[in-house]
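Novice: This is the structure I have questions about; it appears just below.
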Amino acid sequence: MIHDVIVVGSGPGGAVAATTLTQQGKSVLLVDRQTFPRDKVCGDGLPIHVMLMLREMGIDIERDGLEYQRVTGLTIEAPSGKALSTEEITDDAFSMTSPRLSFDNVLHQHAIKSGAQFEVMNVIKPLIDDKSKRVIGVIERRGKEQIEHEAKMVIAADGATSALARAMHGRTADPQAIAVSIRAYAYLKKPMPSCVYFYFTRDLLPGYAWIFPTAGNRCNIGVYLHNQDYKSRGADLEALLDEFSARMQREFPHEIDTPTRQTWSLPLYADRHSRSAPGLLFVGDAGGFVNALTGGGIYPAMMTGQAAGKIAAKILAGETSEAEYDVAWQRDVSGSLGRARLMQKHILSSAKIFNSVFALANLPILRGPMLRVMSGEHY
Ligand SMILES: Cc1cc2nc3c(=O)[nH]c(=O)nc-3n(C[C@H](O)[C@H](O)[C@H](O)COP(=O)(O)OP(=O)(O)OC[C@H]3O[C@@H](n4cnc5c(N)ncnc54)[C@H](O)[C@@H]3O)c2cc1C
């Protein structure tokens, strides 16, 4: 059977793309190299927009059994040691943290309930028509065999290590556009406030360390660094995490669950180059849509997944071409991700500049907006 669309990767980007397509009556083969539920190395922070999009898709977090912790405040510490906090206005939509084991599974199950067919599959490259050079499916590696799967369109949502992006050169290999991060879950010895804490310390700039409360009396603790700084400094991520964890013990006593201490890379948003090819659209990490300031990529993955799903349906109906996808994400996500990139380059790389800008937040009128921008409009 030739499916309308093969979606590769069932993280937030792929699951949202698959749901968007099935809700428009398209036949979707959703594939992932892992079975679900599966973990994904992450800080688990979800901005309020995520909840709004879940609702729009028909997901009810209570009914669908999402494990989550509501977030009611945000604190940022500047390199000067000065900290500022803001409270989230109480509403029925809110920011939260949710372990990816649970969050991604809820999205994945929703895509299947909406009609997507799921298969476990390790995709190694796109299937390309020799004559037209159009992507007409994917090639799977199963043991020693390579198996072809045809589709009218392919959506690449296969994350930071995207095999499809590598095969198509759809992602820039600019080392400045890659970050690395380590996170661990830890058991809290006493409850911590339902607030997310970011520490922009001098030695980590333009990166930071975080501690977020998460479901089940645990917290998510981690360190985010830019790749080239990390490499040039020869920094040891595990040692940095241990150091930060020791510093947090007095305020938020906790015990790290060592097997959950894991590192993963983040392809940061850097420029407006095309994220499409004939028959193929890149979403989420596979398209390099991570906020350079915060390392947040879940909401951009969901947004680009939704845009790709809508536009793929129009392409299948012969109403538009892949170029419309580039127009859509450039209109909807490049503004906020571009601003984050500029702030990361020009403000966060210098402790002196960061401290001066941060001081402006002493003015109550600037405090809320500034903290929101610094924590990233998309986290
Ligand atoms: C330590 C860390 C902390 C982070 N913290 C946050 C945070 O707090 N908030 C936030 O918004 N973002 C955060 N991020 C970024 C966020 O995790 C990603 O941006 C987000 O997961 C992107 O979603 P995605 O759907 O594009 O890719 P993923 O979630 O990575 O999903 C990709 C899927 O593709 C599958 N796949 C990969 N290769 C293949 C293949 N060859 N064949 C088939 N399937 C394949 C994978 O198994 C996976 O299920 C963090 C990242 C890291 C590393």
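Simple scheme: letters A, B, ... for chains in structure tokens order, numbers from 1 for residues in each chain, numbers from 1 for ligands in the order shown.
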Could you list, as a ChimeraX atom specification, all protein and nucleic acid residues with an atom at most 7 Å from ligand 1, counting only C-alpha atoms and all ligand atoms?

Specialist: /A:8-14,31-34,40-46,121-124,157-163,180-183,222,224,263-266,283-286,290,295-299,301,378-379

Novice: Taking the DSSP secondary structure from the backbone, can you list the residues of region 105-297 of chain A that are helix (DSSP H, G or I), as a PyMOL selection string?

Specialist: chain A and resi 105-113+163-168+175-177+227-233+237-248+258-260+284-287

Novice: Which one of A:Leu30, A:Leu204, A:Leu293, A:Asp104 sits closest to Asp64 (chain A) if you count only C-alpha atoms?

Specialist: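 Closest to Asp64 (chain A), using only C-alpha atoms: A:Asp104.
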
Novice: From the list A:Ile155, A:Val50, A:Leu363, A:Ala239, which residue is nearest Ala312 (chain A) when using only C-alpha atoms?

Specialist: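 Residue with the minimum atom-to-atom distance to Ala312 (chain A): A:Ile155.
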
Novice: Apply DSSP to the structure's backbone, then extract all residues of region 60-214 of chain A labelled strand (DSSP E) and return them as a PyMOL selection string.

Specialist: chain A and resi 69-70+73-77+83-87+96-97+117-120+123-128+135-142+145-156+178-188+195-199+208-214

Novice: If you count only C-alpha atoms, which residues fall within 9 Å of Gly207 (chain A), apart from same-chain ones fewer than 3 positions away, as a ChimeraX atom specification?

Specialist: /A:179,199-201,203-204,223-226,293-295,344,348-349

Novice: Which polymer residues have any atom within 9 Å of an atom of region 244-259 of chain A, counting only C-alpha atoms, with same-chain residues fewer than 6 positions away left out, as a ChimeraX atom specification?

Specialist: /A:184-192,209-211,218-219,221-223

Novice: Find the residues near Arg38 (chain A): any atom within 8 Å, counting only C-alpha atoms, skip ones fewer than 6 places away on the same chain, and give them as number ranges by chain.

Specialist: A: 100-101, 104-105

Novice: Write out as a compact mmCIF listing (two decimals) with N, CA, C and O atoms, in the first residue's frame which residues come within 7 Å of Leu164 (chain A) when counting only C-alpha atoms, dropping same-chain ones fewer than 4 positions away.

Specialist:
# COMPACT_ATOMS: atom_id res chain seq x y z
N LYS A 125 17.50 6.31 5.20
CA LYS A 125 17.57 7.40 4.21
C LYS A 125 16.25 7.51 3.45
O LYS A 125 15.42 6.60 3.49
N PRO A 126 16.11 8.63 2.71
CA PRO A 126 14.89 8.75 1.91
C PRO A 126 14.98 7.90 0.65
O PRO A 126 16.08 7.60 0.18
N ALA A 156 9.98 14.47 7.89
CA ALA A 156 11.14 14.06 8.69
C ALA A 156 11.02 14.68 10.07
O ALA A 156 11.16 15.90 10.23
N MET A 168 19.96 14.34 3.18
CA MET A 168 19.54 15.39 2.24
C MET A 168 20.35 16.68 2.42
O MET A 168 20.07 17.67 1.75
